[in-house]
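**Student:** Data: input.csv, CSV, C-alpha atoms.
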```csv
chain,number,residue,atom,x,y,z
A,27,MET,CA,133.7,100.8,98.1
A,28,ALA,CA,133.1,98.6,95.1
A,29,THR,CA,133.9,100.4,91.8
A,30,ARG,CA,131.6,100.0,88.9
A,31,THR,CA,133.1,98.6,85.8
A,32,GLY,CA,131.9,97.7,82.4
A,33,ARG,CA,130.7,99.6,79.3
A,34,PHE,CA,127.6,101.0,81.0
A,35,ALA,CA,129.5,102.5,83.9
A,36,ARG,CA,132.1,103.9,81.4
A,37,ALA,CA,129.4,105.5,79.3
A,38,ASN,CA,127.8,107.0,82.3
A,39,GLN,CA,131.1,108.4,83.5
A,40,TRP,CA,131.6,110.1,80.1
A,41,LEU,CA,128.1,111.4,80.2
A,42,GLN,CA,128.8,113.3,83.3
A,43,PHE,CA,131.0,115.7,81.3
A,44,ALA,CA,128.0,116.6,79.1
A,45,ARG,CA,124.8,118.3,79.9
A,46,GLN,CA,122.3,115.6,80.8
A,47,TRP,CA,118.6,116.0,80.7
A,48,HIS,CA,116.8,114.4,83.6
A,49,LEU,CA,113.0,113.9,83.9
A,50,ILE,CA,111.2,113.7,87.2
A,51,ASP,CA,107.5,113.2,87.9
A,52,ALA,CA,106.1,115.5,90.6
A,53,ASN,CA,102.9,113.6,91.2
A,54,HIS,CA,102.3,113.3,94.9
A,55,GLN,CA,105.8,114.4,95.8
A,56,ASP,CA,106.5,116.8,98.6
A,57,VAL,CA,107.5,120.2,97.2
A,58,TYR,CA,110.5,120.7,99.4
A,59,VAL,CA,111.9,117.2,99.2
A,60,LEU,CA,111.5,117.2,95.5
A,61,GLY,CA,113.0,120.7,95.3
A,62,GLU,CA,116.1,119.6,97.2
A,63,LYS,CA,116.6,116.7,94.8
A,64,VAL,CA,116.0,118.9,91.7
A,65,ALA,CA,118.3,121.6,92.9
A,66,ARG,CA,121.0,119.1,93.6
A,67,HIS,CA,120.9,117.9,90.0
A,68,LEU,CA,120.6,121.5,88.6
A,69,ALA,CA,123.9,122.3,90.3
A,70,GLY,CA,125.5,119.0,89.3
A,71,LYS,CA,126.2,118.1,92.9
A,72,GLN,CA,125.4,114.4,92.2
A,73,LYS,CA,128.6,114.2,90.2
A,74,PRO,CA,131.9,113.2,91.8
A,75,LEU,CA,133.6,115.9,89.7
A,76,TRP,CA,131.5,118.7,91.2
A,77,HIS,CA,133.4,121.8,92.2
A,78,PRO,CA,131.9,125.3,92.9
A,79,GLU,CA,133.8,126.6,89.9
A,80,ALA,CA,133.1,123.7,87.6
A,81,ASP,CA,130.1,124.3,85.4
A,82,CYS,CA,128.6,120.8,85.5
A,83,GLY,CA,124.9,121.4,86.1
A,84,ASP,CA,122.3,119.4,84.3
A,85,HIS,CA,118.9,120.2,82.8
A,86,VAL,CA,115.9,118.9,84.8
A,87,VAL,CA,112.4,118.6,83.4
A,88,VAL,CA,109.6,118.4,86.0
A,89,VAL,CA,106.3,117.2,84.8
A,90,ASN,CA,102.9,117.1,86.6
A,91,CYS,CA,103.7,120.1,88.7
A,92,LYS,CA,100.0,120.7,89.4
A,93,ASP,CA,99.8,117.4,91.4
A,94,VAL,CA,102.7,118.3,93.7
A,95,ALA,CA,101.9,117.5,97.4
A,96,MET,CA,102.4,119.3,100.7
A,97,GLU,CA,102.3,117.7,104.1
A,98,GLY,CA,99.0,118.0,106.1
A,99,PHE,CA,97.4,121.4,106.0
A,100,ASP,CA,100.5,123.1,104.6
A,101,TRP,CA,98.7,124.3,101.5
A,102,LYS,CA,96.7,126.6,103.8
A,103,HIS,CA,99.3,127.2,106.6
A,104,ARG,CA,102.4,127.8,104.5
A,105,ILE,CA,102.3,131.6,103.9
A,106,PHE,CA,104.6,133.4,101.5
A,107,HIS,CA,105.5,136.9,102.3
A,108,PHE,CA,106.1,139.1,99.2
A,109,ASP,CA,107.5,142.5,99.6
A,110,ASN,CA,108.7,144.7,96.8
A,111,GLN,CA,109.9,147.5,99.1
A,112,TYR,CA,107.3,150.0,97.9
A,113,PRO,CA,104.4,151.4,99.9
A,114,GLN,CA,101.5,148.9,99.9
A,115,GLY,CA,103.8,146.4,98.2
A,116,ARG,CA,103.5,143.7,100.9
A,117,ALA,CA,101.3,140.7,100.6
A,118,ASP,CA,101.0,137.5,102.6
A,119,ILE,CA,99.6,134.8,100.3
A,120,PRO,CA,99.0,131.1,101.3
A,121,ALA,CA,100.6,128.5,99.1
A,122,TYR,CA,97.3,127.2,97.6
A,123,GLN,CA,96.4,130.6,96.1
A,124,ILE,CA,99.7,130.8,94.4
A,125,HIS,CA,99.3,127.2,93.2
A,126,GLU,CA,95.8,128.0,91.8
A,127,TYR,CA,97.1,131.0,89.9
A,128,ASP,CA,100.2,129.2,88.5
A,129,PRO,CA,100.8,125.5,89.2
A,130,CYS,CA,104.6,125.9,88.6
A,131,ARG,CA,105.3,128.8,90.8
A,132,VAL,CA,105.5,127.1,94.2
A,133,ILE,CA,107.8,124.4,93.0
A,134,PHE,CA,110.0,127.1,91.3
A,135,MET,CA,110.4,129.0,94.6
A,136,ALA,CA,111.2,125.8,96.5
A,137,ILE,CA,113.9,124.8,94.0
A,138,TYR,CA,115.3,128.4,93.8
A,139,ASN,CA,115.6,128.5,97.6
A,140,LYS,CA,117.4,125.2,97.7
A,141,LEU,CA,119.9,126.3,95.2
A,142,GLY,CA,121.5,128.4,97.9
A,143,ASN,CA,122.5,132.1,97.9
A,144,ASN,CA,125.3,132.3,95.3
A,145,LEU,CA,126.1,134.0,92.1
A,146,ILE,CA,125.5,131.0,89.7
A,147,ARG,CA,122.0,130.1,90.9
A,148,ARG,CA,120.4,132.2,88.2
A,149,LYS,CA,122.3,130.3,85.6
A,150,HIS,CA,121.3,127.0,87.2
A,151,ILE,CA,117.6,127.8,87.4
A,152,GLN,CA,117.6,128.6,83.7
A,153,ARG,CA,118.1,124.9,83.1
A,154,LEU,CA,114.9,124.0,84.9
A,155,HIS,CA,111.8,123.2,82.8
A,156,LEU,CA,108.5,123.0,84.6
A,157,PHE,CA,105.3,121.6,83.1
A,158,PRO,CA,101.9,121.6,84.8
A,159,ASP,CA,100.9,118.2,83.3
A,160,ALA,CA,102.5,115.4,81.3
A,161,LYS,CA,102.5,117.4,78.1
A,162,MET,CA,105.7,118.9,76.8
A,163,PRO,CA,106.9,120.2,73.5
A,164,GLU,CA,108.7,117.8,71.1
A,165,TYR,CA,112.0,119.6,71.3
A,166,ILE,CA,112.2,119.1,75.0
A,167,GLN,CA,111.1,115.5,74.9
A,168,LYS,CA,113.7,114.3,72.5
A,169,ASN,CA,116.5,115.6,74.8
A,170,ILE,CA,115.6,113.6,77.8
A,171,GLY,CA,118.0,110.8,78.6
A,172,ASN,CA,117.5,109.9,82.3
A,173,LEU,CA,114.5,109.3,84.5
A,174,LEU,CA,115.1,110.3,88.2
A,175,GLU,CA,113.6,108.3,91.0
A,176,GLN,CA,110.7,109.9,92.8
A,177,VAL,CA,111.3,111.0,96.4
A,178,GLN,CA,108.1,109.6,97.9
A,179,VAL,CA,105.9,106.6,97.3
A,180,VAL,CA,102.7,107.5,95.6
A,181,PRO,CA,99.8,106.2,97.7
A,182,ARG,CA,97.4,103.8,95.9
A,183,LYS,CA,93.7,104.6,95.9
A,184,SER,CA,91.2,102.0,96.9
A,185,THR,CA,89.9,102.0,93.3
A,186,ASP,CA,93.3,101.1,92.0
A,187,TYR,CA,93.4,97.7,93.6
A,188,THR,CA,92.2,94.8,91.4
A,189,ALA,CA,89.8,92.1,92.6
A,190,GLU,CA,92.6,89.5,92.9
A,191,GLU,CA,94.7,91.7,95.1
A,192,ARG,CA,91.7,92.3,97.3
A,193,ALA,CA,90.9,88.6,97.5
A,194,ALA,CA,94.6,87.7,98.4
A,195,PHE,CA,94.6,90.2,101.2
A,196,PRO,CA,93.7,88.7,104.6
A,197,ARG,CA,90.5,89.7,106.2
A,198,LEU,CA,90.9,91.2,109.7
A,199,VAL,CA,87.4,91.9,110.7
A,200,HIS,CA,85.7,89.1,112.5
A,201,PHE,CA,82.1,89.7,113.4
A,202,PRO,CA,80.5,88.1,116.5
A,203,GLU,CA,78.2,85.1,116.3
A,204,ASP,CA,74.9,87.1,116.3
A,205,HIS,CA,75.9,89.6,113.7
A,206,PHE,CA,73.3,91.0,111.4
A,207,GLU,CA,74.3,92.2,107.9
A,208,GLU,CA,72.0,95.2,108.3
A,209,TRP,CA,74.3,96.6,111.0
A,210,GLU,CA,77.0,97.3,108.4
A,211,ALA,CA,74.6,99.5,106.3
A,212,PRO,CA,75.2,103.2,106.4
A,213,ILE,CA,73.3,105.0,109.1
A,214,LYS,CA,71.7,108.4,108.8
A,215,PRO,CA,73.8,110.9,110.7
A,216,PRO,CA,71.9,112.1,113.8
A,217,GLY,CA,72.7,115.7,113.0
A,218,ARG,CA,73.3,118.5,115.5
A,219,HIS,CA,71.1,119.3,118.4
A,220,GLU,CA,69.6,122.7,117.8
A,221,LYS,CA,68.9,124.6,121.0
A,222,PRO,CA,65.4,126.1,120.8
A,223,ALA,CA,65.3,129.9,121.0
A,224,PHE,CA,64.5,131.4,124.4
A,225,GLY,CA,60.8,130.9,125.3
A,226,LYS,CA,60.0,128.9,122.1
A,227,ALA,CA,60.0,125.5,123.7
A,228,LYS,CA,57.5,126.4,126.3
A,229,ASP,CA,55.1,127.9,123.7
A,230,LYS,CA,54.9,124.6,121.8
A,231,LYS,CA,53.7,122.8,124.9
B,26,MET,CA,110.3,108.5,101.6
B,27,ILE,CA,107.3,108.7,103.9
B,28,PRO,CA,108.1,107.0,107.2
B,29,SER,CA,105.1,104.8,107.2
B,30,ILE,CA,105.1,101.3,108.5
B,31,SER,CA,103.5,98.9,106.1
B,32,SER,CA,101.4,96.6,108.2
B,33,THR,CA,100.7,93.9,105.6
B,34,ALA,CA,103.9,91.9,106.1
B,35,PRO,CA,103.4,91.0,109.9
B,36,LEU,CA,99.7,90.5,109.2
B,37,ARG,CA,100.4,87.8,106.6
B,38,GLN,CA,102.7,86.0,109.0
B,39,CYS,CA,100.3,85.9,111.9
B,40,LEU,CA,97.3,85.0,109.7
B,41,THR,CA,98.8,82.0,108.1
B,42,LEU,CA,97.4,79.9,110.9
B,43,ARG,CA,93.7,80.1,110.2
B,44,ARG,CA,90.9,78.1,111.6
B,45,ILE,CA,89.9,75.7,108.9
B,46,SER,CA,86.5,74.0,108.7
B,47,THR,CA,85.1,71.6,106.2
B,48,THR,CA,81.5,72.9,106.1
B,49,ALA,CA,80.5,76.3,104.8
B,50,LEU,CA,80.7,78.8,107.6
B,51,GLN,CA,77.3,80.3,108.3
B,52,ASN,CA,77.7,82.9,111.0
B,53,LYS,CA,76.1,86.0,109.7
B,54,TRP,CA,72.4,86.8,109.9
B,55,LYS,CA,70.3,88.6,107.3
B,56,LEU,CA,66.7,89.9,107.4
B,57,VAL,CA,64.5,88.7,104.6
B,58,GLU,CA,61.1,90.2,104.1
B,59,LYS,CA,58.1,88.4,102.5
B,60,THR,CA,54.8,89.9,101.7
B,61,ASP,CA,51.7,87.8,101.3
B,62,GLY,CA,48.7,90.1,100.7
B,63,ASN,CA,48.3,92.0,103.9
B,64,THR,CA,50.8,90.2,106.0
B,65,THR,CA,54.6,90.9,105.9
B,66,THR,CA,56.9,88.4,107.6
B,67,VAL,CA,60.5,89.3,108.4
B,68,LYS,CA,62.7,86.3,108.8
B,69,ALA,CA,66.4,86.1,110.0
B,70,VAL,CA,68.3,83.9,107.6
B,71,LYS,CA,71.9,82.6,108.1
B,72,MET,CA,74.4,83.8,105.5
B,73,VAL,CA,77.7,82.2,104.3
B,74,ASP,CA,80.7,84.1,105.5
B,75,THR,CA,84.3,83.3,104.7
B,76,GLU,CA,85.8,84.1,108.1
B,77,PRO,CA,85.0,82.4,111.4
B,78,PRO,CA,83.0,84.4,114.0
B,79,ARG,CA,84.7,86.3,116.7
B,80,LYS,CA,84.6,84.8,120.2
B,81,PRO,CA,84.3,87.1,123.2
B,82,GLU,CA,87.7,86.1,124.5
B,83,ASP,CA,89.5,87.0,121.2
B,84,ARG,CA,92.0,89.8,121.2
B,85,CYS,CA,91.7,93.0,119.2
B,86,ALA,CA,92.3,92.2,115.5
B,87,LEU,CA,94.9,94.9,115.1
B,88,CYS,CA,96.9,93.9,118.3
B,89,THR,CA,97.4,90.2,117.6
B,90,CYS,CA,101.0,90.5,116.6
B,91,ASN,CA,103.9,90.8,119.0
B,92,ILE,CA,104.7,94.2,117.5
B,93,PRO,CA,101.9,96.6,117.8
B,94,ILE,CA,100.7,97.4,114.3
B,95,LYS,CA,100.8,101.1,113.5
B,96,LEU,CA,98.2,101.7,110.8
B,97,ALA,CA,98.9,104.4,108.2
B,98,TYR,CA,96.4,106.2,105.9
B,99,THR,CA,98.0,104.4,103.0
B,100,ASP,CA,96.8,100.9,104.2
B,101,VAL,CA,93.7,101.2,102.2
B,102,LEU,CA,92.8,97.5,102.1
B,103,VAL,CA,92.9,97.4,106.0
B,104,LEU,CA,90.9,100.6,106.4
B,105,GLU,CA,88.1,99.7,104.1
B,106,GLN,CA,87.3,96.4,106.0
B,107,PHE,CA,86.4,98.5,109.0
B,108,MET,CA,84.3,101.0,107.0
B,109,ARG,CA,80.7,101.3,105.9
B,110,PRO,CA,80.0,101.8,102.2
B,111,ASP,CA,79.5,105.5,102.8
B,112,GLY,CA,83.0,105.9,104.3
B,113,THR,CA,82.2,106.1,108.0
B,114,VAL,CA,83.9,103.8,110.5
B,115,LEU,CA,82.0,100.8,112.1
B,116,PRO,CA,81.7,101.0,115.8
B,117,ARG,CA,84.1,98.9,117.8
B,118,GLN,CA,81.3,97.0,119.5
B,119,LEU,CA,80.8,95.3,116.1
B,120,THR,CA,84.4,94.9,114.9
B,121,GLY,CA,85.9,94.1,118.3
B,122,ILE,CA,89.0,96.2,118.2
B,123,CYS,CA,90.4,97.9,121.3
B,124,LYS,CA,89.8,101.6,122.0
B,125,SER,CA,93.2,102.9,121.1
B,126,GLN,CA,93.3,101.1,117.8
B,127,GLN,CA,89.8,102.4,117.1
B,128,LEU,CA,90.8,105.9,117.6
B,129,ARG,CA,93.9,105.5,115.4
B,130,LEU,CA,91.7,103.8,112.8
B,131,GLU,CA,89.3,106.8,112.8
B,132,ARG,CA,92.2,109.2,112.4
B,133,CYS,CA,93.7,107.2,109.5
B,134,VAL,CA,90.3,106.9,107.7
B,135,MET,CA,89.8,110.6,108.0
B,136,GLN,CA,93.3,111.2,106.6
B,137,ALA,CA,92.7,108.8,103.7
B,138,HIS,CA,89.5,110.7,102.9
B,139,TRP,CA,91.3,114.0,103.0
B,140,ALA,CA,94.1,112.6,100.7
B,141,GLY,CA,91.4,111.3,98.3
B,142,LEU,CA,92.2,107.6,98.6
B,143,PHE,CA,88.5,106.6,98.8
B,144,PRO,CA,87.0,108.3,95.8
B,145,ASP,CA,84.0,105.9,95.6
B,146,ARG,CA,83.3,105.8,99.4
B,147,THR,CA,82.9,109.5,100.2
B,148,ILE,CA,79.7,111.3,100.6
B,149,PRO,CA,78.9,113.5,97.6
B,150,GLU,CA,79.0,116.8,99.6
B,151,PHE,CA,82.6,116.1,100.8
B,152,ASP,CA,84.3,119.5,100.9
B,153,ARG,CA,87.0,119.8,98.3
B,154,ALA,CA,87.1,123.5,97.8
B,155,GLY,CA,90.1,125.8,98.1
B,156,TYR,CA,93.3,124.2,99.4
B,157,LYS,CA,91.6,120.9,99.7
B,158,ARG,CA,91.7,120.4,96.0
B,159,PHE,CA,95.5,119.8,95.9
B,160,SER,CA,97.2,116.6,96.8
B,161,ARG,CA,98.5,116.2,100.3
B,162,TYR,CA,100.2,113.5,102.4
B,163,TRP,CA,100.6,112.8,106.1
B,164,ARG,CA,103.7,111.8,108.0
B,165,ASP,CA,101.9,110.3,110.9
B,166,ASP,CA,98.4,109.7,112.1
B,167,MET,CA,98.7,112.4,114.8
B,168,SER,CA,100.3,115.0,112.5
B,169,MET,CA,97.0,116.9,112.0
B,170,TYR,CA,97.0,117.9,115.6
B,171,PHE,CA,100.3,119.8,115.4
B,172,LEU,CA,99.5,122.8,113.3
B,173,THR,CA,101.9,125.7,112.8
B,174,GLU,CA,101.7,128.6,110.4
B,175,LYS,CA,104.9,128.5,108.4
B,176,LYS,CA,106.1,131.9,107.1
B,177,GLU,CA,108.3,131.9,104.0
B,178,THR,CA,109.8,134.7,102.0
B,179,GLY,CA,108.5,134.6,98.5
B,180,THR,CA,110.5,135.8,95.6
B,181,TRP,CA,109.4,137.9,92.7
B,182,TYR,CA,112.0,136.4,90.5
B,183,TYR,CA,110.4,133.9,88.2
B,184,LEU,CA,111.3,132.4,84.9
B,185,LYS,CA,108.1,131.5,83.1
B,186,ARG,CA,109.6,129.5,80.2
B,187,TYR,CA,106.5,127.6,79.2
B,188,PRO,CA,102.8,128.6,79.6
B,189,SER,CA,101.5,126.9,82.8
B,190,LYS,CA,97.8,127.3,81.9
B,191,ASP,CA,95.8,126.6,78.8
B,192,SER,CA,96.6,129.4,76.4
B,193,LYS,CA,96.7,130.0,72.7
B,194,THR,CA,100.5,130.0,72.6
B,195,TRP,CA,100.6,126.6,74.3
B,196,LYS,CA,98.1,125.2,71.8
B,197,ARG,CA,100.3,126.4,69.0
B,198,LEU,CA,103.3,124.5,70.5
B,199,GLU,CA,101.4,121.2,70.4
B,200,PRO,CA,102.0,119.0,67.4
B,201,SER,CA,98.7,118.8,65.6
```
As structure tokens, please, write out the structure in this file.
**Tutor:**
Amino acid sequence: MATRTGRFARANQWLQFARQWHLIDANHQDVYVLGEKVARHLAGKQKPLWHPEADCGDHVVVVNCKDVAMEGFDWKHRIFHFDNQYPQGRADIPAYQIHEYDPCRVIFMAIYNKLGNNLIRRKHIQRLHLFPDAKMPEYIQKNIGNLLEQVQVVPRKSTDYTAEERAAFPRLVHFPEDHFEEWEAPIKPPGRHEKPAFGKAKDKK
Amino acid sequence: MIPSISSTAPLRQCLTLRRISTTALQNKWKLVEKTDGNTTTVKAVKMVDTEPPRKPEDRCALCTCNIPIKLAYTDVLVLEQFMRPDGTVLPRQLTGICKSQQLRLERCVMQAHWAGLFPDRTIPEFDRAGYKRFSRYWRDDMSMYFLTEKKETGTWYYLKRYPSKDSKTWKRLEPS
């Protein structure tokens, strides 16, 4: 393995002994993949000097928590079971209802689960800073020294493409010789067939 | 990373060999109405089109490469060529693609609509209530057919360090 040399690598090496502040954008990122990465940095496991007894965890600032993504219909189908061990203290809540109530709660739980079951996870989770949108207080912003790479590619909307990009893209549709332009116009949906009530159809005739 | 196959690179390779003609291609028809007093005449006029017409022996446009192209919902520029302005898919009798690709295309278009990638091509009454408001992604074009209910143990432990909704305390924190 090639070793990195130079001033930059040397500064980065010394930075590992300090508490770094990482920033990550949660826009269109899977909650659990993102949570794994954030938990890794909270515990300091990305550092070669990591040891379970070494206190080398970093701070992580997660912005745009409200735009975090789940796969498919998971917002509806992922159900959290809360139980506070009291009578009537159980509740099964789908993820989207928690996310509506507090946009930082789902991602907090994902990160907290990924930190593992150990004694220092409560200290690690204290170094997590969650913000629902891009706004954050000044005293947090001036600490940030590193931008983490996102875990997923953010898909581009059709409105985000410029006219030049559209023109440079090859056209795949080839219409036949006798094609009328009117055929591409939107059609009125035929609707559902409503079955007439019993005996009604005969009465009309 | 999402395991989606970007279809643009093989497409560009196979479409470098295009049929070139010197005259302007006129292979699309358009109906033009003219009204003179009481009489209305409808005339079919030829239109200029950039691409040559499709011949009956031509292959499916999405199967021309040696590797079968697997469309994904993120290939927005491919999907919107096969769509009407209201976001529905054109029938394959017009576009001339094979049946399996048409089915895949319809699935991908629906996923793109659900992911909100066509904000200007959806019908106004498209349902975005409840869980559909939040952003979502798809691993595969078939993944919507494999539905499972995932149970998780929630935790009451929560550190709310910063207000997560608009509140007075949050507004005080902002530099004004």
**Student:** Report, in Å with one decimal, the straight-line distance from atom CA of Leu75 of chain A to atom CA of Trp40 of chain A.
**Tutor:**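 Distance reported for this atom pair: 11.4 Å.
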**Student:** Could you work out which residues of chain B fall inside 7 Å of chain A? Count all atoms listed in the file, and format the result as a PyMOL selection string.
**Tutor:** chain B and resi 26-27+52-55+76-80+86+99+101+106-107+109-111+119-120+142-143+156+159-163+169+173-180+189+198-199
**Student:** Residues at most 10 Å from Ile122 of chain B, counting only C-alpha atoms, excluding those fewer than 3 positions away in the same chain, as a count of residues only?
**Tutor:** 18
**Student:** Can you work out the spacing between atom CA of Phe43 of chain A and atom CA of Gly70 of chain A in Å, to one decimal?
**Tutor:**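 That distance, rounded to one decimal, is 10.3 Å.
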**Student:** What is the atom CA of Gly32 of chain A to atom CA of Arg45 of chain A distance in Å?
**Tutor:** 21.9 Å
**Student:** Compile the contact shell of Thr29 of chain A as a list in words: residues with an atom at most 12 Å away, counting all atoms listed in the file, same-chain residues fewer than 6 positions apart removed.
**Tutor:** Ala35, Arg36 and Gln39 of chain A
**Student:** Near segment 64-68 of chain A, within 6 Å and counting only C-alpha atoms, which residues show up once chain neighbours fewer than 5 positions away are dropped, as a PyMOL selection string?
**Tutor:** chain A and resi 83-84+137+141+150
